[in-house]
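Printed here is run-v5.tsv (TSV, C-alpha atoms):
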chain	number	residue	atom	x	y	z
A	67	MET	CA	-9.01	-32.25	34.79
A	68	GLN	CA	-11.55	-31.66	37.56
A	69	ARG	CA	-14.38	-32.68	35.18
A	70	ALA	CA	-12.41	-35.78	34.22
A	71	GLY	CA	-12.19	-36.51	37.95
A	72	THR	CA	-15.97	-36.82	38.12
A	73	GLY	CA	-15.82	-39.62	35.54
A	74	ASP	CA	-16.51	-37.36	32.53
A	75	ARG	CA	-14.92	-39.37	29.69
A	76	ALA	CA	-15.34	-36.59	27.12
A	77	ALA	CA	-13.48	-34.15	29.38
A	78	PHE	CA	-10.71	-36.69	29.87
A	79	ASN	CA	-10.42	-37.25	26.12
A	80	ALA	CA	-10.12	-33.49	25.63
A	81	LEU	CA	-7.42	-33.37	28.31
A	82	VAL	CA	-5.51	-36.16	26.55
A	83	ARG	CA	-5.76	-34.35	23.21
A	84	ALA	CA	-4.47	-31.15	24.80
A	85	THR	CA	-1.58	-32.60	26.77
A	86	ALA	CA	-0.47	-35.79	25.01
A	87	PRO	CA	1.81	-34.08	22.43
A	88	PRO	CA	4.00	-32.19	24.93
A	89	VAL	CA	4.01	-35.21	27.23
A	90	TRP	CA	5.09	-37.39	24.29
A	91	THR	CA	7.89	-34.92	23.52
A	92	LEU	CA	9.01	-35.00	27.12
A	93	LEU	CA	8.93	-38.80	27.23
A	94	ARG	CA	10.87	-39.17	23.98
A	95	ARG	CA	13.62	-37.03	25.56
A	96	LEU	CA	13.64	-39.04	28.78
A	97	THR	CA	13.53	-42.53	27.30
A	98	ILE	CA	15.79	-44.50	25.01
A	99	ASP	CA	13.40	-45.32	22.14
A	100	GLU	CA	9.82	-44.95	20.90
A	101	PRO	CA	8.44	-48.25	22.31
A	102	THR	CA	9.73	-47.28	25.76
A	103	ALA	CA	8.24	-43.81	25.41
A	104	GLU	CA	4.91	-45.27	24.32
A	105	ASP	CA	4.80	-47.60	27.34
A	106	ALA	CA	5.41	-44.61	29.58
A	107	LEU	CA	2.82	-42.50	27.70
A	108	GLN	CA	0.09	-45.10	28.21
A	109	GLU	CA	0.99	-45.58	31.87
A	110	THR	CA	1.06	-41.83	32.40
A	111	PHE	CA	-2.48	-41.23	31.16
A	112	ALA	CA	-3.80	-44.30	32.95
A	113	ALA	CA	-2.36	-42.79	36.14
A	114	VAL	CA	-3.78	-39.35	35.29
A	115	TRP	CA	-7.27	-40.91	34.94
A	116	LEU	CA	-6.91	-42.65	38.31
A	117	SER	CA	-5.58	-39.58	40.09
A	118	ALA	CA	-8.04	-37.08	38.53
A	119	PRO	CA	-10.72	-37.57	41.26
A	120	ARG	CA	-8.19	-36.36	43.85
A	121	TYR	CA	-7.31	-33.24	41.84
A	122	ALA	CA	-9.00	-30.27	43.49
A	123	GLY	CA	-7.72	-27.56	41.15
A	124	GLU	CA	-4.66	-26.70	43.18
A	125	GLY	CA	-1.59	-26.06	41.00
A	126	SER	CA	-1.32	-26.52	37.26
A	127	ALA	CA	-2.85	-29.72	35.86
A	128	ARG	CA	-0.14	-29.74	33.19
A	129	ALA	CA	2.62	-29.65	35.82
A	130	LEU	CA	0.91	-32.50	37.63
A	131	ILE	CA	0.73	-34.54	34.42
A	132	TYR	CA	4.39	-33.79	33.65
A	133	GLY	CA	5.35	-35.00	37.11
A	134	ILE	CA	3.45	-38.25	36.56
A	135	ALA	CA	5.13	-38.65	33.15
A	136	ARG	CA	8.60	-38.16	34.61
A	137	ARG	CA	7.97	-40.78	37.28
A	138	HIS	CA	6.69	-43.26	34.70
A	139	ALA	CA	9.68	-42.61	32.42
A	140	ALA	CA	11.95	-43.38	35.35
A	141	ARG	CA	10.06	-46.57	36.20
A	142	THR	CA	10.04	-47.76	32.60
A	143	TRP	CA	13.75	-47.10	32.38
A	144	ARG	CA	14.36	-49.13	35.53
A	145	ARG	CA	12.30	-52.08	34.31
A	146	ARG	CA	14.17	-52.20	30.99
A	147	SER	CA	17.71	-51.67	32.19
A	148	GLY	CA	17.65	-52.99	35.75
A	149	GLU	CA	19.49	-51.17	38.49
A	150	PRO	CA	22.77	-49.88	37.09
A	151	ALA	CA	25.93	-51.24	38.65
A	152	THR	CA	27.52	-48.80	41.05
A	153	THR	CA	30.25	-50.97	42.42
A	154	GLU	CA	32.49	-51.23	39.35
A	155	PRO	CA	36.08	-50.59	40.43
A	156	LEU	CA	36.69	-46.89	39.85
A	157	PRO	CA	40.34	-47.34	38.77
A	158	GLU	CA	39.23	-49.63	35.92
A	159	LEU	CA	36.61	-47.13	34.81
A	160	ALA	CA	39.17	-44.35	34.94
A	161	VAL	CA	41.79	-46.25	32.91
A	162	ALA	CA	39.15	-46.97	30.25
A	163	ALA	CA	38.31	-43.25	30.39
A	164	GLY	CA	41.88	-42.27	29.58
A	165	TRP	CA	43.60	-42.04	32.98
A	166	GLY	CA	47.30	-42.60	32.38
A	167	SER	CA	47.04	-42.37	28.59
A	168	ASP	CA	45.72	-39.39	26.63
A	169	PRO	CA	42.77	-37.78	28.44
A	170	GLU	CA	43.35	-34.48	26.60
A	171	ALA	CA	42.31	-36.09	23.30
A	172	ILE	CA	39.12	-37.39	24.95
A	173	ALA	CA	38.26	-33.93	26.26
A	174	ALA	CA	38.86	-32.41	22.83
A	175	ARG	CA	36.52	-34.99	21.32
A	176	ALA	CA	33.84	-34.23	23.95
A	177	GLU	CA	33.96	-30.58	22.92
A	178	GLN	CA	32.65	-31.54	19.48
A	179	ARG	CA	28.89	-31.79	20.12
A	180	GLU	CA	28.31	-34.40	17.43
A	181	HIS	CA	30.88	-36.78	18.96
A	182	LEU	CA	29.60	-36.08	22.46
A	183	LEU	CA	26.00	-36.96	21.60
A	184	GLN	CA	27.12	-40.01	19.60
A	185	ALA	CA	29.08	-41.30	22.59
A	186	ILE	CA	26.14	-40.70	24.96
A	187	ALA	CA	23.88	-42.67	22.61
A	188	ALA	CA	26.26	-45.66	22.92
A	189	LEU	CA	25.87	-45.82	26.73
A	190	PRO	CA	23.41	-47.94	28.76
A	191	ASP	CA	19.92	-46.45	29.27
A	192	GLY	CA	20.58	-45.54	32.89
A	193	ASP	CA	23.73	-43.58	32.06
A	194	GLN	CA	21.98	-41.80	29.20
A	195	HIS	CA	19.12	-40.81	31.47
A	196	LEU	CA	21.38	-39.36	34.16
A	197	LEU	CA	23.62	-37.49	31.71
A	198	SER	CA	20.58	-36.09	29.91
A	199	ARG	CA	18.72	-34.95	33.00
A	200	CYS	CA	21.61	-33.76	35.19
A	201	ASP	CA	24.11	-32.46	32.64
A	202	LEU	CA	22.43	-31.71	29.30
A	203	GLU	CA	19.20	-30.41	30.90
A	204	GLY	CA	20.75	-28.98	34.04
A	205	ALA	CA	18.52	-30.69	36.64
A	206	THR	CA	20.09	-30.98	40.09
A	207	PRO	CA	20.94	-34.42	41.51
A	208	ALA	CA	18.31	-33.76	44.19
A	209	GLU	CA	15.60	-33.20	41.55
A	210	VAL	CA	16.61	-36.33	39.64
A	211	ALA	CA	16.81	-38.30	42.89
A	212	ALA	CA	13.19	-37.35	43.64
A	213	GLU	CA	12.11	-38.44	40.14
A	214	LEU	CA	13.87	-41.80	40.51
A	215	ASP	CA	12.98	-42.29	44.17
A	216	LEU	CA	16.66	-42.64	45.08
A	217	PRO	CA	18.90	-40.89	47.62
A	218	PRO	CA	20.67	-37.83	46.10
A	219	GLY	CA	24.06	-39.31	47.02
A	220	THR	CA	23.29	-42.40	44.92
A	221	VAL	CA	22.42	-40.22	41.94
A	222	ARG	CA	25.71	-38.32	42.33
A	223	VAL	CA	27.74	-41.52	42.46
A	224	ARG	CA	25.93	-42.94	39.42
A	225	LEU	CA	26.32	-39.66	37.52
A	226	HIS	CA	30.08	-39.63	38.21
A	227	ARG	CA	30.41	-43.17	36.91
A	228	ALA	CA	28.20	-42.35	33.90
A	229	ARG	CA	30.57	-39.50	33.02
A	230	LEU	CA	33.55	-41.84	33.29
A	231	ARG	CA	31.81	-44.37	31.04
A	232	LEU	CA	31.11	-41.51	28.62
A	233	MET	CA	34.83	-40.69	28.55
A	234	GLY	CA	35.47	-44.40	27.96
A	235	ALA	CA	33.07	-44.34	25.00
A	236	LEU	CA	34.78	-41.23	23.61
A	237	ASN	CA	38.14	-42.96	24.08
A	238	ARG	CA	36.99	-46.02	22.13
A	239	GLU	CA	35.60	-43.85	19.32
A	240	GLU	CA	38.89	-41.96	19.19
A	241	SER	CA	40.92	-45.16	18.92
A	242	HIS	CA	38.66	-46.55	16.16
A	243	GLU	CA	39.37	-43.58	13.89
B	235	MET	CA	46.72	-48.79	37.16
B	236	ASN	CA	50.05	-47.54	38.45
B	237	GLU	CA	48.81	-45.63	41.50
B	238	ARG	CA	50.69	-43.07	43.54
B	239	PHE	CA	50.26	-41.99	47.15
B	240	GLU	CA	50.61	-38.20	47.34
B	241	GLY	CA	49.06	-35.62	49.64
B	242	GLY	CA	47.74	-38.37	51.88
B	243	LEU	CA	45.61	-39.80	49.03
B	244	TRP	CA	45.88	-42.66	46.58
B	245	CYS	CA	44.87	-41.97	42.99
B	246	ARG	CA	41.64	-43.95	43.51
B	247	ASP	CA	40.76	-41.61	46.40
B	248	VAL	CA	41.18	-38.62	44.10
B	249	LEU	CA	39.00	-40.30	41.48
B	250	GLU	CA	36.23	-40.72	44.08
B	251	LEU	CA	36.38	-37.00	44.87
B	252	LEU	CA	36.72	-35.79	41.29
B	253	ASP	CA	33.09	-34.86	40.61
B	254	ARG	CA	32.82	-32.87	43.82
B	255	TYR	CA	36.22	-31.28	43.10
B	256	VAL	CA	35.02	-30.09	39.67
B	257	ALA	CA	31.75	-28.87	41.20
B	258	GLY	CA	33.68	-26.90	43.84
B	259	GLU	CA	32.04	-28.86	46.65
B	260	LEU	CA	35.03	-30.31	48.53
B	261	THR	CA	35.62	-29.39	52.14
B	262	ALA	CA	38.70	-27.26	52.83
B	263	ALA	CA	40.57	-30.31	54.16
B	264	GLU	CA	39.64	-32.45	51.14
B	265	LEU	CA	40.65	-29.64	48.79
B	266	THR	CA	44.06	-29.31	50.47
B	267	ASP	CA	44.70	-33.04	50.07
B	268	VAL	CA	43.51	-33.22	46.45
B	269	THR	CA	45.51	-30.14	45.49
B	270	ALA	CA	48.63	-31.64	47.08
B	271	HIS	CA	48.05	-34.93	45.23
B	272	VAL	CA	47.49	-33.44	41.76
B	273	GLY	CA	50.47	-31.16	42.33
B	274	LYS	CA	52.71	-34.23	42.27
B	275	CYS	CA	50.71	-36.77	40.25
B	276	THR	CA	50.72	-35.82	36.57
B	277	GLN	CA	48.29	-38.57	35.63
B	278	CYS	CA	45.59	-37.40	38.07
B	279	ALA	CA	46.23	-33.76	37.14
B	280	GLN	CA	45.78	-34.45	33.43
B	281	PHE	CA	42.79	-36.69	33.99
B	282	GLY	CA	41.13	-34.16	36.31
B	283	GLU	CA	41.55	-31.42	33.74
B	284	ALA	CA	40.04	-33.62	31.01
B	285	TYR	CA	37.11	-34.63	33.27
B	286	ALA	CA	36.39	-30.96	33.99
B	287	ARG	CA	36.39	-30.17	30.25
B	288	VAL	CA	33.97	-33.04	29.57
B	289	VAL	CA	31.63	-31.81	32.33
B	290	GLN	CA	31.84	-28.31	30.83
B	291	ALA	CA	31.04	-29.71	27.37
B	292	LEU	CA	27.95	-31.39	28.85
B	293	ARG	CA	26.50	-28.10	30.12
B	294	PRO	CA	22.99	-27.26	28.86
B	295	GLU	CA	22.89	-25.27	25.64
B	296	PRO	CA	20.97	-21.98	25.88
B	297	VAL	CA	17.30	-22.26	24.93
B	298	GLU	CA	16.41	-20.25	21.84
B	299	PRO	CA	13.18	-18.22	21.90
B	300	LEU	CA	10.33	-19.59	19.78
B	301	ASP	CA	8.93	-16.83	17.55
B	302	GLY	CA	5.19	-16.30	17.14
B	303	ALA	CA	4.93	-17.63	13.58
B	304	ARG	CA	6.77	-20.82	14.44
B	305	LEU	CA	4.57	-21.30	17.51
B	306	ARG	CA	1.42	-20.90	15.37
B	307	ARG	CA	2.69	-23.47	12.86
B	308	LEU	CA	3.33	-25.85	15.74
B	309	GLN	CA	-0.20	-25.36	17.10
B	310	ASP	CA	-1.66	-26.00	13.63
B	311	LYS	CA	0.38	-29.20	13.32
B	312	ILE	CA	-0.72	-30.51	16.70
B	313	GLY	CA	-4.32	-29.58	15.94
B	314	ALA	CA	-4.22	-31.54	12.74
B	315	ALA	CA	-2.60	-34.56	14.34
B	316	THR	CA	-4.94	-34.96	17.32
Re-express the file's structure as structure tokens.
Amino acid sequence: MQRAGTGDRAAFNALVRATAPPVWTLLRRLTIDEPTAEDALQETFAAVWLSAPRYAGEGSARALIYGIARRHAARTWRRRSGEPATTEPLPELAVAAGWGSDPEAIAARAEQREHLLQAIAALPDGDQHLLSRCDLEGATPAEVAAELDLPPGTVRVRLHRARLRLMGALNREESHE
Amino acid sequence: MNERFEGGLWCRDVLELLDRYVAGELTAAELTDVTAHVGKCTQCAQFGEAYARVVQALRPEPVEPLDGARLRRLQDKIGAAT
């Protein structure tokens, strides 16, 4: 990466060949579909090229590239989905999620991995991203907040609502069967 | 939504606190109020239990180790593709 920082195109091409596959894998996990991931992949390596002259060998180049990729995945997600609504009335979300009806059946459905992942896939991009990063991957709200450039409290509120929308999706699937 | 007022909280107040309740992050005073509410409100108690089970179901699955042969096959594949 240091050689790429001096304008060495061949070194940069070698860096791309070495790191693009894992970065692509990461981006496919963090984005909703392949076109979105490809946008983020191109933006990531454009940013790596621009930031290479400032890289002085401190820390792992791969970790640096991963960090850039995560930020670009978050930006691409925001552009495509807009800022998710956070002001939906909570009681309405909760009723759709089974409050006052049969929440036990929804929980039982969530415990079947296939149904859980199917319901997540039916949610808006922003909800999918938060549920994937915070719950399925185990990142803390503070880590995800840093990636999205948001306050941690905002991430927590959005994650809570994403979980309620997930329960709503599970509820709808349950009632369709 | 047919809300109840129990333990000094409306159902919507309990819903706001639910994620922190499940994460064990409520203050002692908040926990006292929520516990009093769900002790008398069956709907919030049942919903809270279901929410906790969904959060549990969302926990990360353990990562399986990648054996040497599989790792070599992966490296060959990437080498061929790039």
**Neighbour list for Val248 of chain B as a PyMOL selection string, cut-off 10 Å, all atoms listed in the file, skip fewer than 4 positions in-chain** = chain B and resi 240+243-244+252-253+255+264+267-269+271-272+278-279+282
Within 6 Å of chain B, which residues belong to chain A? Use only C-alpha atoms and report them as an mmCIF file with C-alpha atoms, in the frame of the given file.
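Result file follows (selection-v6.cif):
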data_model
loop_
_atom_site.group_PDB
_atom_site.id
_atom_site.type_symbol
_atom_site.label_atom_id
_atom_site.label_comp_id
_atom_site.auth_asym_id
_atom_site.auth_seq_id
_atom_site.Cartn_x
_atom_site.Cartn_y
_atom_site.Cartn_z
ATOM 1 C CA ARG A 83 -5.760 -34.350 23.210
ATOM 2 C CA PRO A 157 40.340 -47.340 38.770
ATOM 3 C CA TRP A 165 43.600 -42.040 32.980
ATOM 4 C CA GLY A 166 47.300 -42.600 32.380
ATOM 5 C CA PRO A 169 42.770 -37.780 28.440
ATOM 6 C CA GLU A 170 43.350 -34.480 26.600
ATOM 7 C CA ALA A 173 38.260 -33.930 26.260
ATOM 8 C CA ALA A 176 33.840 -34.230 23.950
ATOM 9 C CA GLU A 177 33.960 -30.580 22.920
ATOM 10 C CA ASP A 201 24.110 -32.460 32.640
ATOM 11 C CA LEU A 202 22.430 -31.710 29.300
ATOM 12 C CA GLU A 203 19.200 -30.410 30.900
ATOM 13 C CA GLY A 204 20.750 -28.980 34.040
#
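Note that atom CA of Asn237 of chain A and atom CA of Leu159 of chain A are 11.6 Å apart.
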Could you list, as a CSV table (one decimal) with C-alpha atoms, in the coordinates of the input, every residue within 8 Å of Leu214 of chain A, counting all atoms listed in the file and ignoring same-chain residues fewer than 6 positions away?
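Result file follows (selection17.csv):
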chain,number,residue,atom,x,y,z
A,137,ARG,CA,8.0,-40.8,37.3
A,140,ALA,CA,12.0,-43.4,35.4
A,141,ARG,CA,10.1,-46.6,36.2
**Request:** For Thr266 of chain B, please output as a PyMOL selection string all residues within 10 Å (counting only C-alpha atoms; exclusion window: fewer than 6 positions along the same chain).
**Result:** chain B and resi 241-242+260
With 3 Å of padding per side, what axis-aligned box (centre and edge lengths, Å, one decimal) covers all the listed atoms of segment 277-287 of chain B? Give it as lines of an AutoDock Vina configuration file.
center_x = 42.3
center_y = -34.4
center_z = 34.2
size_x = 17.9
size_y = 14.4
size_z = 13.8
Export C-alpha atoms of segment 77-124 of chain A from the structure just given, as an mmCIF file, in the first residue's frame?
data_model
loop_
_atom_site.group_PDB
_atom_site.id
_atom_site.type_symbol
_atom_site.label_atom_id
_atom_site.label_comp_id
_atom_site.auth_asym_id
_atom_site.auth_seq_id
_atom_site.Cartn_x
_atom_site.Cartn_y
_atom_site.Cartn_z
ATOM 1 C CA ALA A 77 1.608 -1.998 -6.804
ATOM 2 C CA PHE A 78 -1.941 -0.703 -6.523
ATOM 3 C CA ASN A 79 -3.191 -3.298 -9.005
ATOM 4 C CA ALA A 80 -1.499 -6.011 -6.950
ATOM 5 C CA LEU A 81 -3.142 -4.630 -3.808
ATOM 6 C CA VAL A 82 -6.546 -4.717 -5.516
ATOM 7 C CA ARG A 83 -6.005 -8.311 -6.647
ATOM 8 C CA ALA A 84 -5.031 -9.314 -3.113
ATOM 9 C CA THR A 85 -7.804 -7.572 -1.221
ATOM 10 C CA ALA A 86 -10.776 -7.232 -3.589
ATOM 11 C CA PRO A 87 -12.206 -10.743 -2.976
ATOM 12 C CA PRO A 88 -12.514 -10.456 0.828
ATOM 13 C CA VAL A 89 -13.711 -6.873 0.489
ATOM 14 C CA TRP A 90 -16.332 -8.042 -2.026
ATOM 15 C CA THR A 91 -17.443 -10.746 0.415
ATOM 16 C CA LEU A 92 -17.719 -8.188 3.176
ATOM 17 C CA LEU A 93 -19.684 -5.788 0.982
ATOM 18 C CA ARG A 94 -22.093 -8.483 -0.210
ATOM 19 C CA ARG A 95 -22.889 -9.178 3.460
ATOM 20 C CA LEU A 96 -23.376 -5.499 4.280
ATOM 21 C CA THR A 97 -25.461 -4.494 1.268
ATOM 22 C CA ILE A 98 -28.803 -5.559 -0.102
ATOM 23 C CA ASP A 99 -27.841 -6.731 -3.611
ATOM 24 C CA GLU A 100 -24.934 -7.110 -6.044
ATOM 25 C CA PRO A 101 -25.322 -3.729 -7.840
ATOM 26 C CA THR A 102 -25.199 -1.960 -4.466
ATOM 27 C CA ALA A 103 -22.171 -3.997 -3.434
ATOM 28 C CA GLU A 104 -20.433 -3.216 -6.723
ATOM 29 C CA ASP A 105 -21.026 0.525 -6.284
ATOM 30 C CA ALA A 106 -19.490 0.303 -2.832
ATOM 31 C CA LEU A 107 -16.584 -1.846 -4.123
ATOM 32 C CA GLN A 108 -15.645 0.728 -6.771
ATOM 33 C CA GLU A 109 -15.955 3.615 -4.323
ATOM 34 C CA THR A 110 -13.888 1.737 -1.766
ATOM 35 C CA PHE A 111 -10.895 1.205 -4.047
ATOM 36 C CA ALA A 112 -11.128 4.733 -5.443
ATOM 37 C CA ALA A 113 -10.887 5.933 -1.834
ATOM 38 C CA VAL A 114 -8.026 3.519 -1.096
ATOM 39 C CA TRP A 115 -6.078 4.970 -4.064
ATOM 40 C CA LEU A 116 -6.671 8.516 -2.821
ATOM 41 C CA SER A 117 -5.763 7.731 0.781
ATOM 42 C CA ALA A 118 -2.692 5.570 -0.017
ATOM 43 C CA PRO A 119 -0.239 8.546 -0.039
ATOM 44 C CA ARG A 120 -1.174 9.239 3.599
ATOM 45 C CA TYR A 121 -0.587 5.615 4.655
ATOM 46 C CA ALA A 122 2.712 5.453 6.508
ATOM 47 C CA GLY A 123 2.682 1.744 7.334
ATOM 48 C CA GLU A 124 1.020 2.103 10.702
#
